[in-house]
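Source file: start.csv. Holds: CSV, C-alpha atoms.
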chain,number,residue,atom,x,y,z
A,1,MET,CA,-20.0,252.1,-17.8
A,2,SER,CA,-21.0,255.2,-19.7
A,3,ARG,CA,-18.9,256.5,-22.6
A,4,SER,CA,-17.9,259.5,-20.6
A,5,GLY,CA,-16.7,257.2,-17.8
A,6,LYS,CA,-14.5,255.3,-20.3
A,7,LEU,CA,-13.0,258.4,-21.7
A,8,ILE,CA,-12.2,259.7,-18.2
A,9,LEU,CA,-10.4,256.4,-17.4
A,10,ALA,CA,-8.6,256.4,-20.6
A,11,ALA,CA,-7.3,259.9,-19.9
A,12,LEU,CA,-6.3,258.9,-16.4
A,13,LEU,CA,-4.3,256.0,-17.7
A,14,CYS,CA,-2.9,257.7,-20.7
A,15,ALA,CA,0.9,257.3,-20.6
A,16,SER,CA,1.5,260.1,-23.1
A,17,ALA,CA,-0.7,262.7,-21.4
A,18,PRO,CA,1.2,265.9,-20.6
A,19,ALA,CA,2.3,266.4,-17.0
A,20,HIS,CA,0.9,269.9,-16.9
A,21,ALA,CA,-2.8,268.9,-16.7
A,22,GLN,CA,-4.8,271.2,-14.4
A,23,GLU,CA,-4.7,270.2,-10.8
A,24,ALA,CA,-8.0,269.4,-9.1
A,25,SER,CA,-7.2,271.9,-6.3
A,26,ALA,CA,-6.7,274.8,-8.8
A,27,GLU,CA,-10.4,275.7,-8.9
A,28,PRO,CA,-13.7,274.1,-7.8
A,29,LEU,CA,-15.1,271.3,-9.9
A,30,THR,CA,-18.0,272.1,-12.2
A,31,ALA,CA,-21.2,270.2,-11.5
A,32,ALA,CA,-20.5,267.9,-14.5
A,33,ALA,CA,-17.0,267.2,-13.2
A,34,ALA,CA,-18.2,266.5,-9.7
A,35,GLU,CA,-20.7,264.0,-11.1
A,36,ALA,CA,-18.0,262.4,-13.2
A,37,GLN,CA,-15.9,262.1,-10.1
A,38,ARG,CA,-18.7,260.5,-8.2
A,39,GLN,CA,-19.3,258.0,-10.9
A,40,LEU,CA,-15.6,257.1,-11.1
A,41,ARG,CA,-15.4,256.4,-7.4
A,42,GLN,CA,-18.6,254.5,-7.4
A,43,THR,CA,-17.8,252.4,-10.4
A,44,PHE,CA,-14.2,251.5,-9.7
A,45,THR,CA,-14.4,250.9,-5.9
A,46,ASN,CA,-11.2,248.9,-5.9
A,47,LEU,CA,-9.1,251.9,-6.8
A,48,THR,CA,-8.0,254.8,-4.6
A,49,PHE,CA,-7.9,258.2,-6.3
A,50,GLU,CA,-5.8,260.9,-4.7
A,51,ASP,CA,-6.6,263.6,-7.3
A,52,PHE,CA,-9.3,264.4,-9.8
A,53,GLY,CA,-9.5,267.2,-12.4
A,54,PRO,CA,-9.9,268.1,-16.1
A,55,ALA,CA,-7.8,266.1,-18.6
A,56,PRO,CA,-5.9,267.8,-21.4
A,57,VAL,CA,-8.1,265.8,-23.9
A,58,SER,CA,-11.2,267.3,-25.4
A,59,GLY,CA,-13.8,266.2,-28.0
A,60,PRO,CA,-14.6,262.8,-29.3
A,61,ILE,CA,-12.0,260.0,-29.1
A,62,TYR,CA,-11.4,257.5,-31.9
A,63,GLN,CA,-9.8,254.0,-31.8
A,64,ALA,CA,-7.1,253.0,-34.3
A,65,ILE,CA,-4.6,250.1,-34.6
A,66,ALA,CA,-0.9,250.8,-35.5
A,67,GLY,CA,1.7,248.0,-35.5
A,68,GLY,CA,-0.8,245.7,-33.9
A,69,ARG,CA,-1.3,248.1,-30.9
A,70,VAL,CA,-4.6,249.8,-30.2
A,71,ILE,CA,-4.3,253.6,-29.7
A,72,TYR,CA,-6.8,256.4,-29.3
A,73,PHE,CA,-6.9,259.8,-31.0
A,74,ALA,CA,-8.6,263.0,-30.0
A,75,PRO,CA,-8.6,265.2,-33.1
A,76,GLU,CA,-10.1,268.2,-31.4
A,77,SER,CA,-7.2,268.6,-28.9
A,78,GLN,CA,-4.7,266.7,-31.1
A,79,HIS,CA,-3.9,264.1,-28.4
A,80,LEU,CA,-2.7,260.6,-28.9
A,81,LEU,CA,-3.6,258.2,-26.1
A,82,PHE,CA,-1.7,255.0,-25.3
A,83,ALA,CA,-4.3,253.6,-22.8
A,84,ALA,CA,-6.1,250.6,-21.7
A,85,ILE,CA,-9.9,251.1,-21.4
A,86,TYR,CA,-11.8,248.9,-19.0
A,87,ASP,CA,-15.6,248.5,-18.6
A,88,LYS,CA,-17.3,248.6,-15.2
A,89,ASN,CA,-16.9,244.9,-14.9
A,90,GLY,CA,-13.1,245.1,-15.2
A,91,VAL,CA,-13.0,243.7,-18.8
A,92,ASN,CA,-10.1,245.2,-20.8
A,93,LEU,CA,-11.8,246.4,-23.9
A,94,THR,CA,-8.5,247.5,-25.5
A,95,ALA,CA,-7.1,244.0,-25.2
A,96,LEU,CA,-10.2,242.6,-26.8
A,97,ALA,CA,-10.0,245.0,-29.7
A,98,GLN,CA,-6.3,244.2,-30.1
A,99,ASP,CA,-6.9,240.5,-30.2
A,100,ALA,CA,-9.7,240.9,-32.7
A,101,GLY,CA,-7.5,242.9,-34.9
A,102,ALA,CA,-4.7,240.3,-34.6
A,103,ARG,CA,-7.0,237.5,-35.6
A,104,LYS,CA,-8.2,239.5,-38.6
A,105,ARG,CA,-4.7,240.2,-39.8
A,106,LEU,CA,-3.7,236.5,-39.5
A,107,GLY,CA,-5.3,236.2,-43.0
A,108,ALA,CA,-2.3,238.0,-44.5
A,109,ILE,CA,0.0,235.1,-43.4
A,110,ASN,CA,0.8,232.2,-45.7
A,111,PRO,CA,1.9,229.3,-43.5
A,112,ALA,CA,3.6,227.7,-46.6
A,113,GLU,CA,6.0,230.7,-46.7
A,114,ALA,CA,7.3,230.2,-43.1
A,115,LEU,CA,10.6,228.8,-42.0
A,116,VAL,CA,9.6,225.9,-39.8
A,117,ILE,CA,11.6,225.5,-36.6
A,118,GLY,CA,10.6,222.6,-34.2
A,119,PRO,CA,9.0,219.2,-34.4
A,120,ALA,CA,5.7,218.4,-36.2
A,121,GLY,CA,2.8,217.9,-33.8
A,122,ALA,CA,4.1,220.4,-31.3
A,123,PRO,CA,2.0,223.5,-30.4
A,124,LYS,CA,2.3,226.1,-33.2
A,125,VAL,CA,3.5,229.6,-32.7
A,126,ILE,CA,3.8,232.3,-35.4
A,127,GLU,CA,6.9,234.3,-34.9
A,128,PHE,CA,8.2,237.5,-36.5
A,129,THR,CA,11.9,237.9,-35.6
A,130,ASP,CA,15.1,239.7,-36.3
A,131,PRO,CA,18.5,237.9,-36.1
A,132,ASP,CA,20.1,241.0,-34.5
A,133,CYS,CA,17.3,241.7,-32.0
A,134,PRO,CA,18.5,241.0,-28.4
A,135,TYR,CA,15.0,240.1,-27.2
A,136,CYS,CA,14.6,237.7,-30.1
A,137,GLN,CA,17.8,236.0,-29.0
A,138,ALA,CA,16.5,235.8,-25.5
A,139,LEU,CA,13.3,234.3,-26.8
A,140,GLU,CA,15.4,231.7,-28.7
A,141,ARG,CA,17.1,230.7,-25.4
A,142,PHE,CA,13.7,230.4,-23.8
A,143,TRP,CA,12.5,228.1,-26.5
A,144,LEU,CA,15.6,225.9,-26.3
A,145,THR,CA,15.1,225.7,-22.5
A,146,LYS,CA,11.5,224.6,-22.9
A,147,GLU,CA,12.5,222.1,-25.6
A,148,ALA,CA,15.0,220.6,-23.1
A,149,GLU,CA,12.2,220.4,-20.6
A,150,GLY,CA,10.1,218.4,-23.0
A,151,LYS,CA,7.8,221.3,-24.0
A,152,PRO,CA,8.8,222.0,-27.6
A,153,VAL,CA,6.9,224.2,-30.0
A,154,GLN,CA,6.8,224.4,-33.7
A,155,ARG,CA,7.5,227.9,-34.8
A,156,LEU,CA,6.4,229.4,-38.2
A,157,VAL,CA,9.1,232.0,-38.6
A,158,TYR,CA,9.0,235.2,-40.7
A,159,PHE,CA,12.0,237.5,-40.7
A,160,VAL,CA,11.7,241.3,-40.0
A,161,SER,CA,14.6,242.9,-42.0
A,162,GLY,CA,13.9,246.6,-41.8
A,163,ILE,CA,15.2,247.4,-38.3
A,164,HIS,CA,18.8,246.3,-38.1
A,165,PRO,CA,21.2,246.8,-41.1
A,166,GLN,CA,22.5,243.2,-41.1
A,167,ALA,CA,19.1,241.5,-40.5
A,168,ALA,CA,18.3,240.8,-44.1
A,169,ALA,CA,21.8,239.4,-44.9
A,170,LYS,CA,21.7,237.1,-41.8
A,171,ALA,CA,18.2,236.0,-42.5
A,172,GLU,CA,19.3,235.1,-46.1
A,173,HIS,CA,22.3,233.3,-44.7
A,174,ILE,CA,20.0,231.1,-42.5
A,175,LEU,CA,17.7,230.4,-45.4
A,176,CYS,CA,20.6,229.5,-47.8
A,177,SER,CA,22.3,227.1,-45.3
A,178,SER,CA,22.1,223.4,-45.9
A,179,ASP,CA,20.8,222.9,-42.3
A,180,GLN,CA,18.5,225.9,-41.8
A,181,GLN,CA,17.5,225.0,-38.2
A,182,ALA,CA,21.2,224.6,-37.2
A,183,ALA,CA,22.1,227.9,-38.9
A,184,PHE,CA,19.2,229.7,-37.1
A,185,LYS,CA,20.3,228.5,-33.7
A,186,SER,CA,23.9,229.4,-34.4
A,187,VAL,CA,23.1,233.0,-35.5
A,188,TYR,CA,20.6,233.5,-32.7
A,189,SER,CA,23.2,232.3,-30.2
A,190,GLY,CA,25.3,235.3,-31.3
A,191,ALA,CA,27.7,233.5,-33.6
A,192,GLN,CA,29.2,235.7,-36.4
A,193,PRO,CA,29.7,233.5,-39.6
A,194,ALA,CA,33.0,234.2,-41.4
A,195,ALA,CA,31.0,234.5,-44.6
A,196,LEU,CA,27.2,234.9,-45.1
A,197,HIS,CA,25.6,232.5,-47.5
A,198,LYS,CA,23.7,234.0,-50.4
A,199,CYS,CA,21.2,232.5,-52.8
A,200,ARG,CA,18.3,233.6,-54.9
A,201,PRO,CA,15.6,231.6,-53.0
A,202,GLY,CA,16.8,233.0,-49.7
A,203,ALA,CA,16.7,236.5,-51.0
A,204,GLU,CA,13.2,236.1,-52.4
A,205,LYS,CA,12.0,234.6,-49.1
A,206,VAL,CA,13.4,237.6,-47.2
A,207,ALA,CA,11.6,239.9,-49.6
A,208,ARG,CA,8.3,238.0,-49.3
A,209,ASP,CA,8.6,238.2,-45.5
A,210,ALA,CA,9.2,241.9,-45.7
A,211,GLU,CA,5.9,242.2,-47.6
A,212,THR,CA,4.1,240.1,-45.0
A,213,VAL,CA,5.5,242.3,-42.3
A,214,ARG,CA,4.2,245.4,-44.1
A,215,LYS,CA,0.7,243.9,-44.5
A,216,MET,CA,0.6,242.8,-40.9
A,217,GLY,CA,1.8,246.2,-39.6
A,218,ILE,CA,4.6,244.6,-37.6
A,219,SER,CA,6.8,247.4,-36.1
A,220,GLY,CA,8.8,245.6,-33.4
A,221,THR,CA,10.4,242.2,-32.6
A,222,PRO,CA,9.8,239.7,-31.5
A,223,THR,CA,6.1,239.7,-32.4
A,224,LEU,CA,4.2,236.4,-31.9
A,225,PHE,CA,0.8,235.0,-32.5
A,226,VAL,CA,0.1,232.4,-29.8
A,227,ASP,CA,-3.2,230.5,-30.1
A,228,GLY,CA,-4.5,233.3,-32.3
A,229,LYS,CA,-3.5,236.0,-29.8
A,230,LEU,CA,-1.0,238.8,-30.4
A,231,VAL,CA,2.0,238.8,-28.1
A,232,SER,CA,4.3,241.9,-28.5
A,233,GLY,CA,7.8,241.4,-27.3
A,234,PHE,CA,9.3,238.5,-25.2
A,235,GLN,CA,6.5,238.1,-22.7
A,236,GLN,CA,7.9,235.1,-20.7
A,237,ALA,CA,5.0,234.7,-18.3
A,238,GLU,CA,2.5,234.7,-21.1
A,239,LEU,CA,4.4,232.1,-23.0
A,240,GLU,CA,4.9,230.0,-19.9
A,241,ALA,CA,1.1,230.0,-19.4
A,242,PHE,CA,0.5,229.0,-23.0
A,243,LEU,CA,2.9,226.0,-22.7
A,244,GLU,CA,1.4,225.0,-19.4
A,245,THR,CA,-2.1,225.0,-20.9
A,246,GLU,CA,-0.9,223.0,-23.9
A,247,SER,CA,0.8,220.4,-21.7
A,248,ARG,CA,-2.5,219.7,-20.0
A,249,LYS,CA,-4.4,219.0,-23.3
A,250,PRO,CA,-4.9,215.3,-24.0
A,251,LYS,CA,-2.4,213.9,-26.4
A,252,PRO,CA,-3.9,212.4,-29.6
A,253,SER,CA,-3.8,208.6,-29.9
A,254,PRO,CA,-1.0,207.1,-32.0
Translate the structure of the given file into structure tokens.
Amino acid sequence: MSRSGKLILAALLCASAPAHAQEASAEPLTAAAAEAQRQLRQTFTNLTFEDFGPAPVSGPIYQAIAGGRVIYFAPESQHLLFAAIYDKNGVNLTALAQDAGARKRLGAINPAEALVIGPAGAPKVIEFTDPDCPYCQALERFWLTKEAEGKPVQRLVYFVSGIHPQAAAKAEHILCSSDQQAAFKSVYSGAQPAALHKCRPGAEKVARDAETVRKMGISGTPTLFVDGKLVSGFQQAELEAFLETESRKPKPSP
């Protein structure tokens, strides 16, 4: 697919593009636009297009990563595009760029700094989480269900403490508890401890996690790295597929 074709598709899929883009019926297409329309229909034959016309984006488009998400910027028209760009073979180039960026940023993570939840030998998942995030709590229920089904994971947990006001205090409470895994499960079940534990090692760990979050560019929770791939939010279908793949792998001999 040509560069112009990619840019046209990005504009068509842009979730943030203004709704007042010029309608195709407003005036006849120029020769260049007519050729672009022909290429679009010829290249993506599995799609049906009801309309075609100029996009509000002009000039070159650049790719950037913010919070682990690939975005596109058109400086000439001052447009930000939240889009997925596909090549003519249907390959999601945006997803490939996002995965490559995620693998690169994994170097900022020190596994020794993680709070480990789950049994040794289970498939590993890196998890950035917030005790007051409802989607993180839903993810915790999912992990517990899978554990009961005999599909546990070992989670390397880092706390995100800059979103909810009590997140840092609750994370410190977990880290300062005599049984950290039990405290984690209790807090993520929605329990409200009468008093939150405090300790210097816990506070220092929360601070180190905050620095890791900053280096990683994490802006939402939960954020996971599953088999080296970034998963933003609680994507149950994606996690189910990961666990199913892991369950099919041959188990190491005792």
As JSON: centre and edge lengths in Å, one decimal, of the axis-aligned box holding region 207-218 of chain A with 6 Å per side:
{"center_x": 6.1, "center_y": 242.1, "center_z": -43.6, "size_x": 23.0, "size_y": 20.2, "size_z": 24.0}
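Straight-line separation from CA of Ala210 (chain A) to CA of Tyr158 (chain A): 8.4 Å.
Taking only C-alpha atoms into account, Ala97 (chain A) lies nearest to A:Val70 out of the set A:Val187, A:Leu29, A:Val70, A:Val206.
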With a distance cut-off of 12 Å and all atoms listed in the file, select the neighbouring residues of Ala241 (chain A), excluding the residue or stretch itself and same-chain residues fewer than 6 positions from it, and output the selection as a ChimeraX atom specification.
-> /A:151,226-227,235,247-248
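Picture a line from CA of Leu230 (chain A) to CA of Ala95 (chain A); it runs 9.6 Å.
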Non-local contacts of Trp143 (chain A) (10 Å; only C-alpha atoms; under 5 positions in same chain excluded) as a tab-separated table (two decimals) with C-alpha atoms, in the coordinates of the input:
chain	number	residue	atom	x	y	z
A	118	GLY	CA	10.60	222.60	-34.20
A	137	GLN	CA	17.80	236.00	-29.00
A	138	ALA	CA	16.50	235.80	-25.50
A	148	ALA	CA	15.00	220.60	-23.10
A	149	GLU	CA	12.20	220.40	-20.60
A	151	LYS	CA	7.80	221.30	-24.00
A	152	PRO	CA	8.80	222.00	-27.60
A	153	VAL	CA	6.90	224.20	-30.00
A	154	GLN	CA	6.80	224.40	-33.70
A	155	ARG	CA	7.50	227.90	-34.80
A	239	LEU	CA	4.40	232.10	-23.00
Enter the distance from CA of Arg103 (chain A) to CA of Cys136 (chain A), in Å, rounded to one decimal.
->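 Going from CA of Arg103 (chain A) over to CA of Cys136 (chain A), I get 22.3 Å.
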